[in-house]
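Below is entry_34.json, which holds JSON, C-alpha atoms and all ligand atoms.
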[["chain", "number", "residue", "atom", "x", "y", "z"],
["D", 1, "MET", "CA", 120.38, 100.03, 102.57],
["D", 2, "ARG", "CA", 120.00, 96.72, 100.76],
["D", 3, "PRO", "CA", 120.60, 96.50, 97.01],
["D", 4, "THR", "CA", 118.77, 93.47, 95.66],
["D", 5, "ASP", "CA", 119.63, 93.59, 91.99],
["D", 6, "THR", "CA", 121.74, 95.48, 89.52],
["D", 7, "VAL", "CA", 120.54, 98.29, 87.28],
["D", 8, "SER", "CA", 120.31, 97.79, 83.54],
["D", 9, "GLN", "CA", 123.17, 99.66, 81.91],
["D", 10, "THR", "CA", 121.35, 99.97, 78.58],
["D", 11, "GLN", "CA", 118.91, 102.72, 79.58],
["D", 12, "PRO", "CA", 119.24, 105.05, 82.58],
["D", 13, "PRO", "CA", 116.75, 104.19, 85.34],
["D", 14, "ILE", "CA", 114.14, 106.34, 87.05],
["D", 15, "LEU", "CA", 114.35, 106.47, 90.85],
["D", 16, "VAL", "CA", 110.91, 106.29, 92.49],
["D", 17, "THR", "CA", 110.76, 106.99, 96.22],
["D", 18, "GLY", "CA", 108.18, 105.32, 98.45],
["D", 19, "ALA", "CA", 107.65, 102.60, 95.84],
["D", 20, "GLY", "CA", 106.69, 99.84, 98.28],
["D", 21, "ARG", "CA", 102.95, 100.32, 98.19],
["D", 22, "ARG", "CA", 99.95, 102.23, 96.84],
["D", 23, "VAL", "CA", 100.69, 105.04, 94.32],
["D", 24, "GLY", "CA", 104.49, 104.63, 94.33],
["D", 25, "LEU", "CA", 104.21, 100.91, 93.68],
["D", 26, "HIS", "CA", 101.81, 101.53, 90.79],
["D", 27, "LEU", "CA", 104.13, 104.15, 89.25],
["D", 28, "ALA", "CA", 107.13, 101.81, 89.47],
["D", 29, "ASN", "CA", 105.19, 98.92, 87.92],
["D", 30, "ARG", "CA", 103.84, 101.08, 85.10],
["D", 31, "LEU", "CA", 107.31, 102.42, 84.30],
["D", 32, "LEU", "CA", 108.59, 98.83, 84.16],
["D", 33, "ASP", "CA", 105.65, 98.00, 81.85],
["D", 34, "ASP", "CA", 106.99, 100.74, 79.56],
["D", 35, "GLY", "CA", 110.41, 99.08, 79.47],
["D", 36, "GLN", "CA", 111.82, 101.83, 81.67],
["D", 37, "PRO", "CA", 114.37, 100.52, 84.25],
["D", 38, "VAL", "CA", 113.46, 101.53, 87.82],
["D", 39, "ILE", "CA", 115.27, 102.04, 91.09],
["D", 40, "ALA", "CA", 112.59, 101.50, 93.71],
["D", 41, "HIS", "CA", 113.22, 103.15, 97.06],
["D", 42, "TYR", "CA", 111.21, 101.83, 99.98],
["D", 43, "HIS", "CA", 110.86, 102.41, 103.72],
["D", 44, "ARG", "CA", 109.29, 99.28, 105.22],
["D", 45, "GLU", "CA", 109.42, 95.86, 103.56],
["D", 46, "SER", "CA", 106.34, 94.94, 101.51],
["D", 47, "GLY", "CA", 105.15, 92.33, 99.07],
["D", 48, "GLY", "CA", 105.10, 95.11, 96.50],
["D", 49, "ILE", "CA", 108.80, 95.79, 96.82],
["D", 50, "GLU", "CA", 109.59, 92.07, 96.54],
["D", 51, "ALA", "CA", 107.49, 91.94, 93.36],
["D", 52, "LEU", "CA", 109.35, 94.94, 91.91],
["D", 53, "ALA", "CA", 112.69, 93.25, 92.65],
["D", 54, "ALA", "CA", 111.40, 90.12, 90.92],
["D", 55, "ARG", "CA", 110.59, 92.25, 87.86],
["D", 56, "GLY", "CA", 114.19, 93.53, 87.73],
["D", 57, "ALA", "CA", 113.99, 96.77, 89.70],
["D", 58, "LEU", "CA", 116.89, 97.64, 91.96],
["D", 59, "THR", "CA", 115.39, 98.11, 95.42],
["D", 60, "LEU", "CA", 116.99, 100.35, 98.04],
["D", 61, "GLN", "CA", 115.77, 100.89, 101.61],
["D", 62, "ALA", "CA", 116.06, 104.24, 103.40],
["D", 63, "ASP", "CA", 114.24, 106.15, 106.13],
["D", 64, "LEU", "CA", 113.79, 109.66, 104.71],
["D", 65, "ALA", "CA", 112.65, 111.17, 108.01],
["D", 66, "HIS", "CA", 116.32, 112.03, 108.68],
["D", 67, "ALA", "CA", 119.00, 113.66, 106.54],
["D", 68, "GLU", "CA", 121.27, 110.64, 107.09],
["D", 69, "GLY", "CA", 118.75, 108.36, 105.39],
["D", 70, "ALA", "CA", 118.47, 110.60, 102.33],
["D", 71, "LEU", "CA", 122.25, 110.96, 102.07],
["D", 72, "ALA", "CA", 122.69, 107.19, 102.38],
["D", 73, "LEU", "CA", 120.15, 106.72, 99.57],
["D", 74, "VAL", "CA", 122.11, 109.15, 97.39],
["D", 75, "ASP", "CA", 125.31, 107.19, 98.05],
["D", 76, "ALA", "CA", 123.60, 103.89, 97.31],
["D", 77, "VAL", "CA", 122.18, 105.14, 93.99],
["D", 78, "ARG", "CA", 125.57, 106.55, 93.01],
["D", 79, "ALA", "CA", 127.18, 103.19, 93.79],
["D", 80, "GLN", "CA", 124.74, 101.37, 91.48],
["D", 81, "ALA", "CA", 124.04, 103.74, 88.56],
["D", 82, "THR", "CA", 126.13, 105.94, 86.30],
["D", 83, "ALA", "CA", 123.19, 107.94, 84.94],
["D", 84, "LEU", "CA", 119.52, 108.55, 85.72],
["D", 85, "ARG", "CA", 116.55, 109.28, 83.42],
["D", 86, "GLY", "CA", 114.54, 110.79, 86.26],
["D", 87, "ILE", "CA", 113.58, 110.98, 89.91],
["D", 88, "VAL", "CA", 109.98, 110.74, 91.13],
["D", 89, "HIS", "CA", 109.54, 111.91, 94.72],
["D", 90, "ASN", "CA", 106.50, 110.04, 95.92],
["D", 91, "ALA", "CA", 107.48, 109.21, 99.54],
["D", 92, "SER", "CA", 105.23, 111.04, 101.95],
["D", 93, "ALA", "CA", 103.60, 111.00, 105.37],
["D", 94, "PHE", "CA", 100.00, 112.14, 105.89],
["D", 95, "THR", "CA", 98.39, 112.69, 109.27],
["D", 96, "THR", "CA", 96.54, 115.46, 111.06],
["D", 97, "THR", "CA", 98.57, 117.73, 113.31],
["D", 98, "PRO", "CA", 98.52, 116.70, 116.98],
["D", 99, "THR", "CA", 97.42, 119.34, 119.49],
["D", 100, "GLU", "CA", 100.21, 118.55, 121.98],
["D", 101, "PRO", "CA", 103.22, 120.78, 121.07],
["D", 102, "VAL", "CA", 106.04, 118.28, 121.62],
["D", 103, "ALA", "CA", 104.27, 115.76, 119.39],
["D", 104, "ALA", "CA", 103.59, 118.49, 116.81],
["D", 105, "ALA", "CA", 107.28, 119.51, 116.85],
["D", 106, "ALA", "CA", 108.43, 115.93, 116.28],
["D", 107, "MET", "CA", 105.95, 115.56, 113.44],
["D", 108, "PHE", "CA", 107.04, 118.86, 111.89],
["D", 109, "GLU", "CA", 110.69, 117.75, 111.87],
["D", 110, "ALA", "CA", 109.85, 114.38, 110.31],
["D", 111, "PHE", "CA", 107.50, 115.87, 107.68],
["D", 112, "PHE", "CA", 110.03, 118.62, 106.88],
["D", 113, "SER", "CA", 112.61, 115.93, 106.24],
["D", 114, "ILE", "CA", 110.39, 113.59, 104.20],
["D", 115, "HIS", "CA", 108.71, 116.30, 102.10],
["D", 116, "MET", "CA", 111.46, 118.93, 101.73],
["D", 117, "LEU", "CA", 114.93, 118.05, 103.01],
["D", 118, "ALA", "CA", 115.12, 114.54, 101.53],
["D", 119, "PRO", "CA", 113.94, 115.68, 98.06],
["D", 120, "TYR", "CA", 116.43, 118.55, 98.23],
["D", 121, "LEU", "CA", 119.36, 116.29, 99.21],
["D", 122, "ILE", "CA", 118.39, 113.63, 96.67],
["D", 123, "ASP", "CA", 117.91, 116.13, 93.81],
["D", 124, "THR", "CA", 121.13, 118.02, 94.49],
["D", 125, "GLY", "CA", 123.06, 114.83, 95.25],
["D", 126, "LEU", "CA", 121.93, 113.07, 92.07],
["D", 127, "ALA", "CA", 121.76, 116.02, 89.63],
["D", 128, "GLY", "CA", 125.09, 114.93, 88.16],
["D", 129, "LEU", "CA", 123.63, 111.51, 87.30],
["D", 130, "LEU", "CA", 120.57, 113.15, 85.72],
["D", 131, "GLU", "CA", 122.83, 115.36, 83.61],
["D", 132, "ALA", "CA", 124.90, 112.33, 82.58],
["D", 133, "GLY", "CA", 122.04, 110.76, 80.60],
["D", 134, "GLY", "CA", 123.72, 111.82, 77.38],
["D", 135, "THR", "CA", 120.61, 112.55, 75.29],
["D", 136, "GLU", "CA", 119.27, 115.79, 73.79],
["D", 137, "THR", "CA", 116.10, 115.40, 75.87],
["D", 138, "PRO", "CA", 116.25, 116.83, 79.40],
["D", 139, "ALA", "CA", 116.04, 114.49, 82.36],
["D", 140, "ASP", "CA", 113.15, 114.82, 84.83],
["D", 141, "ILE", "CA", 112.61, 115.53, 88.48],
["D", 142, "VAL", "CA", 108.97, 115.16, 89.52],
["D", 143, "HIS", "CA", 107.86, 116.18, 93.01],
["D", 144, "ILE", "CA", 104.54, 114.68, 94.03],
["D", 145, "THR", "CA", 102.93, 117.26, 96.28],
["D", 146, "ASP", "CA", 99.19, 117.81, 96.85],
["D", 147, "ILE", "CA", 96.45, 120.27, 95.91],
["D", 148, "PHE", "CA", 96.51, 121.10, 99.65],
["D", 149, "ALA", "CA", 99.88, 122.81, 99.03],
["D", 150, "GLU", "CA", 97.92, 125.62, 97.38],
["D", 151, "ASN", "CA", 94.68, 125.44, 99.38],
["D", 152, "PRO", "CA", 95.61, 124.10, 102.83],
["D", 153, "ARG", "CA", 93.38, 122.31, 105.32],
["D", 154, "PRO", "CA", 94.04, 123.66, 108.86],
["D", 155, "GLU", "CA", 93.85, 120.24, 110.53],
["D", 156, "PHE", "CA", 96.66, 119.07, 108.20],
["D", 157, "ASP", "CA", 98.68, 122.29, 108.45],
["D", 158, "ILE", "CA", 102.14, 120.69, 108.91],
["D", 159, "TYR", "CA", 101.55, 118.29, 106.02],
["D", 160, "CYS", "CA", 100.30, 121.14, 103.82],
["D", 161, "ALA", "CA", 103.10, 123.56, 104.74],
["D", 162, "THR", "CA", 105.86, 121.05, 104.05],
["D", 163, "LYS", "CA", 104.27, 120.06, 100.71],
["D", 164, "ALA", "CA", 104.05, 123.80, 99.89],
["D", 165, "GLY", "CA", 107.78, 124.06, 100.62],
["D", 166, "LEU", "CA", 108.38, 121.30, 98.10],
["D", 167, "GLU", "CA", 106.36, 123.27, 95.53],
["D", 168, "ASN", "CA", 108.68, 126.23, 96.07],
["D", 169, "LEU", "CA", 111.76, 124.01, 95.73],
["D", 170, "THR", "CA", 110.31, 122.77, 92.44],
["D", 171, "ARG", "CA", 110.52, 126.31, 91.04],
["D", 172, "SER", "CA", 114.04, 126.96, 92.43],
["D", 173, "LEU", "CA", 115.43, 123.71, 91.10],
["D", 174, "ALA", "CA", 113.73, 124.22, 87.73],
["D", 175, "LYS", "CA", 115.68, 127.47, 87.39],
["D", 176, "ARG", "CA", 118.89, 125.96, 88.73],
["D", 177, "TYR", "CA", 118.96, 122.86, 86.53],
["D", 178, "ALA", "CA", 117.58, 124.13, 83.19],
["D", 179, "PRO", "CA", 118.12, 123.24, 80.42],
["D", 180, "LYS", "CA", 119.49, 119.77, 81.24],
["D", 181, "ILE", "CA", 116.89, 118.80, 83.84],
["D", 182, "LYS", "CA", 113.17, 119.67, 83.95],
["D", 183, "VAL", "CA", 111.67, 119.99, 87.42],
["D", 184, "ASN", "CA", 107.90, 119.85, 87.84],
["D", 185, "SER", "CA", 105.30, 118.84, 90.40],
["D", 186, "LEU", "CA", 102.20, 116.69, 90.31],
["D", 187, "GLN", "CA", 99.46, 117.75, 92.72],
["D", 188, "PRO", "CA", 97.12, 114.84, 93.41],
["D", 189, "GLY", "CA", 93.69, 115.24, 94.92],
["D", 190, "PRO", "CA", 91.48, 112.31, 95.99],
["D", 191, "ILE", "CA", 93.48, 109.52, 94.33],
["D", 192, "LEU", "CA", 93.34, 106.65, 96.84],
["D", 193, "PHE", "CA", 91.58, 106.96, 100.17],
["D", 194, "LYS", "CA", 93.37, 105.74, 103.29],
["D", 195, "ASP", "CA", 91.82, 103.22, 105.68],
["D", 196, "SER", "CA", 91.50, 106.14, 108.12],
["D", 197, "HIS", "CA", 88.98, 107.87, 105.81],
["D", 198, "THR", "CA", 85.50, 107.15, 107.19],
["D", 199, "PRO", "CA", 82.54, 106.67, 104.81],
["D", 200, "GLU", "CA", 81.33, 110.17, 105.78],
["D", 201, "MET", "CA", 84.73, 111.71, 104.95],
["D", 202, "ARG", "CA", 84.82, 109.93, 101.60],
["D", 203, "GLN", "CA", 81.32, 111.13, 100.77],
["D", 204, "ARG", "CA", 82.23, 114.74, 101.64],
["D", 205, "VAL", "CA", 85.46, 114.67, 99.59],
["D", 206, "LEU", "CA", 83.72, 113.21, 96.54],
["D", 207, "ALA", "CA", 80.91, 115.77, 96.87],
["D", 208, "GLU", "CA", 83.61, 118.47, 96.59],
["D", 209, "THR", "CA", 85.15, 116.80, 93.53],
["D", 210, "PRO", "CA", 83.59, 117.84, 90.22],
["D", 211, "LEU", "CA", 84.44, 114.53, 88.53],
["D", 212, "GLY", "CA", 82.82, 112.79, 91.50],
["D", 213, "ARG", "CA", 85.07, 109.77, 92.03],
["D", 214, "GLU", "CA", 88.38, 108.59, 93.43],
["D", 215, "GLY", "CA", 91.03, 109.01, 90.72],
["D", 216, "GLY", "CA", 93.10, 105.85, 91.29],
["D", 217, "ALA", "CA", 96.87, 105.55, 90.98],
["D", 218, "GLU", "CA", 96.70, 105.25, 87.19],
["D", 219, "ALA", "CA", 95.61, 108.90, 87.02],
["D", 220, "VAL", "CA", 98.89, 109.89, 88.70],
["D", 221, "TYR", "CA", 100.85, 107.68, 86.33],
["D", 222, "ARG", "CA", 99.20, 109.44, 83.37],
["D", 223, "GLY", "CA", 100.20, 112.80, 84.85],
["D", 224, "LEU", "CA", 103.75, 111.54, 85.28],
["D", 225, "ARG", "CA", 103.77, 110.21, 81.73],
["D", 226, "ALA", "CA", 102.64, 113.61, 80.45],
["D", 227, "LEU", "CA", 105.62, 115.26, 82.14],
["D", 228, "LEU", "CA", 108.13, 112.62, 81.02],
["D", 229, "ASP", "CA", 106.91, 112.81, 77.43],
["D", 230, "ASN", "CA", 106.93, 116.61, 77.11],
["D", 231, "ASP", "CA", 110.37, 118.17, 76.85],
["D", 232, "TYR", "CA", 109.06, 121.77, 77.00],
["D", 233, "MET", "CA", 107.60, 121.92, 80.51],
["D", 234, "THR", "CA", 109.55, 122.95, 83.57],
["D", 235, "GLY", "CA", 108.77, 124.75, 86.83],
["D", 236, "THR", "CA", 105.10, 123.89, 86.53],
["D", 237, "ALA", "CA", 102.47, 121.96, 88.49],
["D", 238, "ILE", "CA", 99.82, 119.59, 87.16],
["D", 239, "GLN", "CA", 96.73, 118.98, 89.28],
["D", 240, "VAL", "CA", 95.49, 115.39, 89.13],
["D", 241, "ASP", "CA", 92.45, 115.80, 91.32],
["D", 242, "GLY", "CA", 89.17, 115.45, 89.42],
["D", 243, "GLY", "CA", 88.81, 119.21, 89.80],
["D", 244, "ARG", "CA", 88.75, 119.22, 93.62],
["D", 245, "HIS", "CA", 91.06, 122.28, 93.72],
["D", 246, "LEU", "CA", 87.99, 124.25, 92.64],
["D", 247, "ALA", "CA", 86.31, 123.51, 96.00],
["D", 248, "GLY", "CA", 86.45, 126.34, 98.55],
["D", 301, "LIG", "N1", 96.46, 109.06, 97.94],
["D", 301, "LIG", "C1", 95.93, 110.24, 97.68],
["D", 301, "LIG", "O1", 94.71, 110.37, 97.47],
["D", 301, "LIG", "C2", 96.82, 111.45, 97.62],
["D", 301, "LIG", "C3", 96.24, 112.73, 97.67],
["D", 301, "LIG", "C4", 97.07, 113.84, 97.61],
["D", 301, "LIG", "C5", 98.45, 113.67, 97.49],
["D", 301, "LIG", "N2", 98.98, 112.41, 97.45],
["D", 301, "LIG", "C6", 100.43, 112.26, 97.34],
["D", 301, "LIG", "O2", 100.71, 111.24, 96.40],
["D", 301, "LIG", "C7", 101.82, 110.46, 96.85],
["D", 301, "LIG", "C8", 101.41, 109.00, 96.98],
["D", 301, "LIG", "O3", 100.26, 108.89, 97.79],
["D", 301, "LIG", "P1", 99.96, 107.58, 98.64],
["D", 301, "LIG", "O4", 98.60, 107.75, 99.17],
["D", 301, "LIG", "O5", 100.34, 106.36, 97.88],
["D", 301, "LIG", "O6", 101.02, 107.80, 99.84],
["D", 301, "LIG", "P2", 101.22, 106.86, 101.12],
["D", 301, "LIG", "O7", 100.28, 105.71, 101.14],
["D", 301, "LIG", "O8", 101.21, 107.78, 102.30],
["D", 301, "LIG", "O9", 102.65, 106.24, 100.83],
["D", 301, "LIG", "C9", 103.76, 107.03, 100.78],
["D", 301, "LIG", "C10", 105.04, 106.21, 100.68],
["D", 301, "LIG", "O10", 105.99, 106.97, 101.43],
["D", 301, "LIG", "C11", 106.73, 106.09, 102.21],
["D", 301, "LIG", "N3", 107.23, 106.68, 103.44],
["D", 301, "LIG", "C12", 106.52, 107.09, 104.52],
["D", 301, "LIG", "N4", 107.35, 107.49, 105.51],
["D", 301, "LIG", "C13", 108.61, 107.34, 105.02],
["D", 301, "LIG", "C14", 109.91, 107.56, 105.57],
["D", 301, "LIG", "N5", 110.08, 107.99, 106.82],
["D", 301, "LIG", "N6", 110.97, 107.30, 104.79],
["D", 301, "LIG", "C15", 110.82, 106.83, 103.54],
["D", 301, "LIG", "N7", 109.63, 106.60, 102.97],
["D", 301, "LIG", "C16", 108.53, 106.84, 103.70],
["D", 301, "LIG", "C17", 105.77, 104.95, 102.54],
["D", 301, "LIG", "O11", 106.51, 103.80, 102.88],
["D", 301, "LIG", "P3", 106.13, 102.90, 104.16],
["D", 301, "LIG", "O12", 104.64, 102.65, 104.04],
["D", 301, "LIG", "O13", 106.98, 101.73, 104.04],
["D", 301, "LIG", "O14", 106.44, 103.76, 105.39],
["D", 301, "LIG", "C18", 104.97, 104.80, 101.27],
["D", 301, "LIG", "O15", 105.59, 103.89, 100.40],
["D", 301, "LIG", "C19", 102.27, 111.07, 98.17],
["D", 301, "LIG", "O16", 103.32, 111.98, 97.93],
["D", 301, "LIG", "C20", 101.04, 111.81, 98.66],
["D", 301, "LIG", "O17", 101.35, 112.91, 99.49],
["D", 301, "LIG", "C21", 98.20, 111.31, 97.52]]
Starting from the coordinates I provided, produce the structure as structure tokens.
Amino acid sequence: MRPTDTVSQTQPPILVTGAGRRVGLHLANRLLDDGQPVIAHYHRESGGIEALAARGALTLQADLAHAEGALALVDAVRAQATALRGIVHNASAFTTTPTEPVAAAAMFEAFFSIHMLAPYLIDTGLAGLLEAGGTETPADIVHITDIFAENPRPEFDIYCATKAGLENLTRSLAKRYAPKIKVNSLQPGPILFKDSHTPEMRQRVLAETPLGREGGAEAVYRGLRALLDNDYMTGTAIQVDGGRHLAG
């Protein structure tokens, strides 16, 4: 855990997990563009996290594949901030399920922790800071899940099942924390391909996507912005997927 800066005391920050690269990095940068202070959680060092620190974000390292990492992150945030405007759970791991059972078991435990246990420990551990914001407007918890949580792909079954668990936690926590905290999910579809996506895979995915293109991280930011700016939405999910959830 390595704090690299202090949090602005003028406006409560938003904690973004997995902010070191790709979508999480874009969300953190766009929030900073809005004048919104950010606590940027990261796993492995990256140029992106250094750039966020240079822009004034507080950066905190934690491995969320174990409960200890999530609890240490909660302690570190509590040590640095007296209130939070929101938490965006972006950290995630995405791979196909191995056929060998010991490897599948290890992956299941890690994915359970990253996608379900860590969000649960962070949300429950930091709910007091979210409630301490002191405004009429509710604070926000946003779980970034996946359209696969509703319509799973068998080869990604552990990923899909643990993201589906996070969807269910979204509804529980929305009930638990209303009216002071809204809890919603964003379900991305084909936002940013990974290097592991072959040209054939990309072509197939885009053929299944009515809007016919990769969405880009800005589409997720706009979904996040919609949730942050609407104080009458809780316990709901927004699909940001170019319509791919309509594919069979
Ligand atoms: N990209 C898409 O098209 C797409 C589609 C559907 C859903 N989503 C969801 O949208 C979100 C962002 O997508 P993305 O493609 O940007 O995700 P990504 O490239 O897989 O990055 C996820 C982030 O999670 C962090 N992370 C991984 N393992 C971790 C661990 N053990 N402890 C703490 N952090 C860890 C990564 O940090 P390190 O790299 O340092 O490990 C990275 O910053 C994810 O929740 C993903 O499931 C994305």
Å distance separating CA of Phe111 (chain D) from CA of Glu45 (chain D), one decimal place:
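Straight-line distance from CA of Phe111 (chain D) to CA of Glu45 (chain D) works out to 20.5 Å.
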Separation of CA of Thr198 (chain D) from CA of Gly243 (chain D) in Å
21.4 Å
Quick one: residues within 6 Å of ligand LIG 301 (chain D), with only C-alpha atoms and all ligand atoms, as a list in words?
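Here is the list of contacting residues: Gly18, Ala19, Gly20, Arg21, Arg22, Val23, Gly24, Tyr42, His43, Arg44, Ala62, Asp63, Leu64, Ala65, Asn90, Ala91, Ser92, Ala93, Phe94, Ile144, Thr145, Asp146, Pro188, Gly189, Pro190, Ile191, Leu192 and Phe193 of chain D.
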Surrounding residues of Ala161 (chain D) excluding itself and chain neighbours under 5 positions, 9 Å, all atoms listed in the file, as a PDB file with C-alpha atoms, in the coordinates of the input:
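Result written to part-v1.pdb:
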ATOM      1  CA  PHE D 112     110.030 118.620 106.880  1.00  0.00           C
ATOM      2  CA  PHE D 148      96.510 121.100  99.650  1.00  0.00           C
ATOM      3  CA  ALA D 149      99.880 122.810  99.030  1.00  0.00           C
ATOM      4  CA  PRO D 152      95.610 124.100 102.830  1.00  0.00           C
ATOM      5  CA  PHE D 156      96.660 119.070 108.200  1.00  0.00           C
ATOM      6  CA  LEU D 166     108.380 121.300  98.100  1.00  0.00           C
TER       7      LEU D 166
END
Atomic distance CA of Lys175 (chain D) - CA of Gly223 (chain D), expressed in Å with one decimal:
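So the two atoms, CA of Lys175 (chain D) and CA of Gly223 (chain D), lie 21.5 Å apart.
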Go through D:Pro199, D:Pro101, D:Gly56, D:Gly216 one by one, measure the shortest atom-to-atom distance of each to Pro13 (chain D) using all atoms listed in the file, and give the residue with the smallest value.
D:Gly56
Min atom-atom distance to Val88 (chain D) from the set D:His115, D:Arg244, D:Arg225, D:His143, counting all atoms listed in the file, belongs to D:His143
If we draw a sphere of 12 Å around (109.7, 107.6, 80.0), which residues have at least one atom in it when counting only C-alpha atoms? Please report them as a PyMOL selection string.
chain D and resi 11-15+27-28+30-38+84-88+137-141+221-231
Set out as a Markdown table a contact list for region 140-231 of chain D and region 121-133 of chain D with a cut-off of 10 Å, giving each residue of region 140-231 of chain D that qualifies its closest atom pair and distance in Å to one decimal, counting all atoms listed in the file, ordered by chain and rising residue number.
| residue | atom | partner | partner_atom | distance |
| --- | --- | --- | --- | --- |
| D:Asp140 | CA | D:Leu130 | CA | 7.7 |
| D:Ile141 | CA | D:Asp123 | CA | 7.5 |
| D:Val142 | CA | D:Asp123 | CA | 10.0 |
| D:Leu173 | CA | D:Asp123 | CA | 8.4 |
| D:Tyr177 | CA | D:Ala127 | CA | 8.0 |
| D:Pro179 | CA | D:Glu131 | CA | 9.7 |
| D:Lys180 | CA | D:Glu131 | CA | 6.0 |
| D:Ile181 | CA | D:Glu131 | CA | 6.9 |
| D:Val183 | CA | D:Asp123 | CA | 9.7 |
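Distances from D:Ile147, D:Met116, D:Ala110, D:Ile49 to His66 (chain D) were compared using all atoms listed in the file, and the smallest one belongs to D:Ala110.
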For each of D:Ser113, D:Ala219, D:Glu200, D:Ala174, take the minimum atom-to-atom distance to Ala67 (chain D), counting all atoms listed in the file, then give the residue where this is smallest.
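So, comparing all the options, the nearest one is D:Ser113.
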Give me the residues within 10 Å of Gln203 (chain D) as number ranges by chain, counting only C-alpha atoms and dropping any in the same chain fewer than 5 places off.
D: 197-198, 208-209, 212-213
Could you give me, as a PDB file with C-alpha atoms, in the coordinates of the input, the residues that have an atom at most 9 Å away from the point (100.1, 122.4, 111.8) in the coordinates of the file, using only C-alpha atoms?
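Result file follows (point-v4.pdb):
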ATOM      1  CA  THR D  96      96.540 115.460 111.060  1.00  0.00           C
ATOM      2  CA  THR D  97      98.570 117.730 113.310  1.00  0.00           C
ATOM      3  CA  PRO D  98      98.520 116.700 116.980  1.00  0.00           C
ATOM      4  CA  THR D  99      97.420 119.340 119.490  1.00  0.00           C
ATOM      5  CA  ALA D 104     103.590 118.490 116.810  1.00  0.00           C
ATOM      6  CA  PHE D 108     107.040 118.860 111.890  1.00  0.00           C
ATOM      7  CA  PRO D 154      94.040 123.660 108.860  1.00  0.00           C
ATOM      8  CA  GLU D 155      93.850 120.240 110.530  1.00  0.00           C
ATOM      9  CA  PHE D 156      96.660 119.070 108.200  1.00  0.00           C
ATOM     10  CA  ASP D 157      98.680 122.290 108.450  1.00  0.00           C
ATOM     11  CA  ILE D 158     102.140 120.690 108.910  1.00  0.00           C
ATOM     12  CA  TYR D 159     101.550 118.290 106.020  1.00  0.00           C
ATOM     13  CA  CYS D 160     100.300 121.140 103.820  1.00  0.00           C
ATOM     14  CA  ALA D 161     103.100 123.560 104.740  1.00  0.00           C
TER      15      ALA D 161
END
Would you fill out region 89-93 of chain D with all heavy atoms and return it as a CSV table (one decimal), in the coordinates of the input?
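Everything below was put into out-v7.csv:
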chain,number,residue,atom,x,y,z
D,89,HIS,N,109.6,111.8,93.3
D,89,HIS,CA,109.5,111.9,94.7
D,89,HIS,C,108.1,111.7,95.1
D,89,HIS,O,107.3,112.6,95.1
D,89,HIS,CB,110.0,113.3,95.2
D,89,HIS,CG,111.5,113.5,95.0
D,89,HIS,ND1,112.4,113.2,95.8
D,89,HIS,CD2,112.1,114.1,93.9
D,89,HIS,CE1,113.6,113.5,95.4
D,89,HIS,NE2,113.4,114.1,94.2
D,90,ASN,N,107.8,110.4,95.5
D,90,ASN,CA,106.5,110.0,95.9
D,90,ASN,C,106.4,109.8,97.4
D,90,ASN,O,105.3,110.0,98.0
D,90,ASN,CB,106.2,108.7,95.2
D,90,ASN,CG,104.9,108.0,95.7
D,90,ASN,OD1,103.8,108.4,95.4
D,90,ASN,ND2,105.2,107.1,96.6
D,91,ALA,N,107.5,109.5,98.1
D,91,ALA,CA,107.5,109.2,99.5
D,91,ALA,C,106.8,110.4,100.3
D,91,ALA,O,107.1,111.5,100.0
D,91,ALA,CB,108.9,108.9,100.1
D,92,SER,N,106.0,110.0,101.3
D,92,SER,CA,105.2,111.0,102.0
D,92,SER,C,104.7,110.5,103.2
D,92,SER,O,104.5,109.3,103.4
D,92,SER,CB,104.1,111.4,101.0
D,92,SER,OG,103.2,112.3,101.6
D,93,ALA,N,104.3,111.4,104.2
D,93,ALA,CA,103.6,111.0,105.4
D,93,ALA,C,102.4,111.9,105.5
D,93,ALA,O,102.5,113.1,105.2
D,93,ALA,CB,104.5,111.1,106.6
